[in-house]
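Student: Next up, coords.txt (compact mmCIF, C-alpha atoms).
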```txt
# COMPACT_ATOMS: atom_id res chain seq x y z
CA MET A 1 132.07 134.59 188.71
CA ALA A 2 130.44 137.58 190.33
CA VAL A 3 130.11 138.07 194.08
CA LEU A 4 126.99 139.57 195.63
CA LEU A 5 127.25 141.42 198.94
CA VAL A 6 123.99 141.37 200.92
CA GLY A 7 123.84 142.73 204.49
CA GLY A 8 127.49 142.04 205.14
CA THR A 9 127.23 138.46 203.84
CA ILE A 10 129.11 137.40 200.75
CA LEU A 11 127.09 135.13 198.46
CA PRO A 12 128.16 133.80 195.07
CA ALA A 13 125.94 135.18 192.34
CA MET A 14 124.18 132.65 190.13
CA SER A 15 125.49 132.82 186.62
CA GLN A 16 122.66 133.35 184.20
CA THR A 17 122.88 131.60 180.90
CA GLU A 18 120.70 132.57 178.01
CA SER A 19 118.77 129.75 176.47
CA GLU A 20 120.79 128.50 173.57
CA GLN A 21 118.88 129.29 170.44
CA GLN A 22 119.35 127.40 167.24
CA ILE A 23 120.90 129.84 164.78
CA PRO A 24 119.24 129.47 161.35
CA GLN A 25 121.52 128.46 158.51
CA ILE A 26 121.28 127.99 154.77
CA GLU A 27 122.33 124.81 153.02
CA LEU A 28 123.27 125.52 149.41
CA SER A 29 124.08 123.10 146.61
CA LEU A 30 124.80 123.29 142.89
CA ASP A 31 124.04 120.63 140.28
CA SER A 32 127.72 120.61 139.20
CA SER A 33 131.06 122.11 140.20
CA SER A 34 132.01 123.21 136.68
CA TYR A 35 130.08 124.65 133.76
CA ASP A 36 130.62 126.00 130.27
CA LEU A 37 129.49 129.45 129.20
CA ASN A 38 125.82 129.58 128.20
CA GLU A 39 125.14 126.40 130.19
CA ARG A 40 122.24 126.06 132.65
CA ILE A 41 123.03 126.11 136.39
CA THR A 42 120.63 124.92 139.07
CA ILE A 43 121.05 126.18 142.61
CA SER A 44 118.98 124.65 145.38
CA GLY A 45 118.99 124.86 149.13
CA GLN A 46 117.14 124.95 152.38
CA ILE A 47 116.88 127.40 155.24
CA ILE A 48 117.41 125.25 158.35
CA ASP A 49 114.89 125.94 161.17
CA TYR A 50 112.86 128.11 158.77
CA VAL A 51 109.99 130.11 160.27
CA GLN A 52 107.80 132.16 157.94
CA ASN A 53 107.71 135.85 158.78
CA THR A 54 104.07 136.86 159.33
CA ARG A 55 104.79 140.57 159.77
CA ASP A 56 106.91 141.12 156.64
CA PRO A 57 106.96 138.13 154.23
CA SER A 58 109.50 139.91 152.00
CA LEU A 59 112.12 139.10 154.65
CA ASP A 60 111.66 135.40 153.75
CA LEU A 61 113.02 135.94 150.22
CA VAL A 62 116.34 134.29 149.42
CA HIS A 63 118.54 136.60 147.32
CA ILE A 64 121.04 134.80 145.11
CA SER A 65 123.89 136.64 143.43
CA PHE A 66 127.13 135.62 141.76
CA LEU A 67 130.57 136.81 142.83
CA ASP A 68 133.72 136.60 140.73
CA ASN A 69 137.05 135.39 142.16
CA ASP A 70 137.81 138.96 143.33
CA GLY A 71 134.58 139.01 145.38
CA LYS A 72 132.87 141.51 143.07
CA ALA A 73 129.23 140.90 142.19
CA VAL A 74 128.47 139.98 138.59
CA SER A 75 126.68 143.05 137.29
CA SER A 76 124.72 144.33 134.35
CA SER A 77 127.19 147.11 133.60
CA GLY A 78 126.80 148.89 130.34
CA TYR A 79 123.01 148.61 130.24
CA GLY A 80 122.27 151.62 132.45
CA HIS A 81 119.20 152.28 134.53
CA GLN A 82 116.76 155.11 134.01
CA SER A 83 114.78 156.46 136.93
CA GLY A 84 112.80 159.62 136.43
CA THR A 85 114.79 162.20 134.51
CA TYR A 86 118.24 160.83 135.31
CA PHE A 87 120.18 158.12 133.53
CA ASP A 88 122.63 156.12 135.61
CA ASP A 89 125.32 153.94 133.98
CA ALA A 90 126.56 152.52 137.29
CA ASP A 91 126.95 148.77 137.68
CA LYS A 92 123.81 147.00 138.92
CA PRO A 93 124.44 143.72 140.76
CA PHE A 94 122.72 140.82 139.04
CA THR A 95 120.57 139.22 141.76
CA PHE A 96 117.73 136.69 141.77
CA SER A 97 115.09 136.58 144.51
CA VAL A 98 113.25 133.32 145.23
CA TRP A 99 110.55 132.41 147.75
CA PRO A 100 111.20 129.39 149.97
CA ASP A 101 108.40 126.86 150.46
CA LYS A 102 106.88 126.14 153.89
CA SER A 103 109.83 123.88 154.76
CA GLY A 104 112.41 126.48 153.76
CA ASN A 105 113.39 124.78 150.47
CA PHE A 106 114.23 126.94 147.45
CA ALA A 107 115.59 126.45 143.94
CA LEU A 108 116.75 128.58 141.03
CA SER A 109 117.70 127.62 137.50
CA THR A 110 119.33 130.08 135.10
CA VAL A 111 121.85 130.23 132.25
CA LEU A 112 125.45 131.38 132.72
CA THR A 113 125.24 133.71 129.75
CA SER A 114 128.43 134.96 128.12
CA VAL A 115 127.02 138.50 128.34
CA LEU A 116 127.51 138.46 132.14
CA PHE A 117 130.05 135.70 132.76
CA ASN A 118 133.50 134.74 131.53
CA TYR A 119 135.75 131.73 132.15
CA GLY A 120 137.01 131.50 135.73
CA SER A 121 136.00 130.82 139.33
CA TYR A 122 132.74 132.15 140.76
CA ASN A 123 130.70 131.87 143.93
CA ALA A 124 126.94 131.53 144.20
CA HIS A 125 125.99 133.69 147.20
CA ALA A 126 122.63 133.18 148.96
CA ILE A 127 121.39 135.50 151.70
CA THR A 128 118.11 135.80 153.60
CA TYR A 129 116.80 137.24 156.83
CA GLN A 130 115.73 134.89 159.63
CA SER A 131 116.18 136.64 163.00
CA GLY A 132 119.20 138.31 161.37
CA ASN A 133 121.01 138.00 158.05
CA ILE A 134 122.19 134.49 157.23
CA GLU A 135 124.18 133.58 154.16
CA GLN A 136 126.01 130.78 152.40
CA ILE A 137 128.45 130.59 149.49
CA SER A 138 129.09 127.74 147.03
CA GLU A 139 132.01 127.80 144.61
CA PHE A 140 131.88 126.75 140.96
CA GLU A 141 134.00 127.22 137.86
CA ILE A 142 133.25 128.13 134.26
CA VAL A 143 135.66 126.28 132.00
CA PRO A 144 135.87 125.98 128.22
CA THR A 145 134.58 122.79 126.70
CA VAL A 146 137.42 120.49 125.77
CA GLU A 147 136.84 119.01 122.37
CA GLU A 148 138.40 115.66 121.71
CA GLU A 149 140.46 115.44 118.58
CA LEU A 150 139.66 112.62 116.24
CA VAL A 151 142.87 110.80 115.39
CA VAL A 152 142.75 108.73 112.21
CA ILE A 153 145.45 106.15 111.79
CA GLU A 154 145.85 105.06 108.22
CA ASP A 155 147.48 101.87 107.17
CA PRO A 156 150.30 102.34 104.69
CA ILE A 157 149.51 101.21 101.16
```
Spell out the structure here as structure tokens.
Tutor:
Amino acid sequence: MAVLLVGGTILPAMSQTESEQQIPQIELSLDSSSYDLNERITISGQIIDYVQNTRDPSLDLVHISFLDNDGKAVSSSGYGHQSGTYFDDADKPFTFSVWPDKSGNFALSTVLTSVLFNYGSYNAHAITYQSGNIEQISEFEIVPTVEEELVVIEDPI
């Protein structure tokens, strides 16, 4: 509490509180918690308290990337990128960009191709800009398909 001294009189200063603003958030969901390689994954979500940006609509884009269990982005390493006269073999993060609708809803469907993914734990990472960067992470796992063995019991002759 601050004290204000005016003309020899001590008055308590009024504490000023900023109006509490609702901080935008992203809700993120996956259609399953585990997948097999080369299986389709659907990621959907909503930006809570979404307000379209009229000055720069590109800030409304939701960027979705995949992180491995070490926190490294799944990348298109080995494919290279050519710009101008230089060739760059550095890893390029594999990222999707989707537009939300007027309510802030978005969805993405893609395949967990064995070219980019392997068995293990991953995170789907969504980030957008709404009065500042907001992000959300959802965990999933890529597991091998378990094939059931067919057991034939034969009666003795």
Student: Skipping near chain neighbours, those fewer than 6 positions away, what residues fall within 9 Å of A:Pro144 using all atoms listed in the file, listed as number ranges by chain?
Tutor: A: 35-37, 119
Student: Using Å and a single decimal, report how far atom CA of A:Ile47 sits from atom CA of A:Val111.
Tutor: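 Computing it gives 23.7 Å between the two atoms.
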Student: What box, with edges along x, y and z, holds each listed atom of stretch 120-129 of chain A when 4 Å is added on every side, and can you state its centre and edge lengths in Å to one decimal, as lines of an AutoDock Vina configuration file?
Tutor:
```
center_x = 126.9
center_y = 134.0
center_z = 146.3
size_x = 28.2
size_y = 14.4
size_z = 29.1
```
Student: Would you mind listing what lies within 9 Å of A:Ala73 as a list in words, with only C-alpha atoms counted and same-chain residues fewer than 5 positions away left out?
Tutor: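 Selected residues are Ser65, Phe66, Leu67, Asp68, Lys92, Pro93, Phe94 and Thr95 of chain A.
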Student: Which residue gives the smallest distance to A:His125 among A:Ser109, A:Arg55, A:Phe96, A:Asp70, with all atoms listed in the file counted?
Tutor: A:Phe96
Student: Would you work out the distance separating atom CA of A:Gln25 from atom CA of A:Gln46, expressed in Å to one decimal?
Tutor: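 Taking atom CA of A:Gln25 as the start and atom CA of A:Gln46 as the end point, the length is 8.3 Å.
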Student: Quick one: of A:Leu59, A:Leu30, A:Val74, A:Leu112, who's nearest to A:Val143, counting all atoms listed in the file?
Tutor: A:Leu112
Student: Please measure the separation of atom CA of A:Thr110 and atom CA of A:Ile137, giving the value in Å to one decimal.
Tutor: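 One can read the atom CA of A:Thr110 to atom CA of A:Ile137 distance as 17.0 Å.
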Student: Compile the contact shell of A:Ser34 as a list in words: residues with an atom at most 6 Å away, counting only C-alpha atoms, same-chain residues fewer than 4 positions apart removed.
Tutor: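 My list of contacting residues is Phe140, Glu141 and Ile142 of chain A.
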Student: Set the distance at 7 Å and use all atoms listed in the file: which residues neighbour A:Leu108 once local chain neighbours fewer than 6 positions away are removed? I'd like the list as number ranges by chain.
Tutor: A: 42-44
Student: Could you save those same residues with C-alpha atoms as a PDB file, in the coordinates of the input?
Tutor:
```pdb
ATOM      1  CA  THR A  42     120.630 124.920 139.070  1.00  0.00           C
ATOM      2  CA  ILE A  43     121.050 126.180 142.610  1.00  0.00           C
ATOM      3  CA  SER A  44     118.980 124.650 145.380  1.00  0.00           C
TER       4      SER A  44
END
```
Student: With all atoms listed in the file as the counted atoms, please give the residues lying no more than 8 Å from A:Lys102, apart from itself and same-chain residues fewer than 3 positions off, as a short mmCIF file (atom, residue, chain, number, x, y, z; two decimals) with C-alpha atoms, keeping the file's coordinate frame.
Tutor:
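Wrote out-v5.cif, looks like this:
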```cif
data_model
loop_
_atom_site.label_atom_id
_atom_site.label_comp_id
_atom_site.auth_asym_id
_atom_site.auth_seq_id
_atom_site.Cartn_x
_atom_site.Cartn_y
_atom_site.Cartn_z
CA TYR A 50 112.86 128.11 158.77
CA GLN A 52 107.80 132.16 157.94
CA ASN A 105 113.39 124.78 150.47
#
```
Student: Nearest to A:Ser58: which of A:Ser97, A:Ser138, A:Ser76, A:Asn38 is it, counting all atoms listed in the file?
Tutor: A:Ser97
Student: Identify which of the residues A:Ile41, A:Ala124, A:Leu61, A:Val152 lies closest to A:Pro100, counting only C-alpha atoms when measuring atom-to-atom distances.
Tutor: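 That would be A:Leu61, the residue with the smallest distance to A:Pro100.
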Student: Select, from A:Asn53, A:Thr113, A:Ser103, A:Asn69, the residue with the minimum atom-to-atom distance to A:Ser131, counting all atoms listed in the file.
Tutor: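 Among the listed residues, the smallest separation from A:Ser131 belongs to A:Asn53.
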Student: For A:Asp101, which residue among A:Gly45, A:Ala126, A:Ser121, A:Ile157 is the nearest when counting all atoms listed in the file?
Tutor: A:Gly45
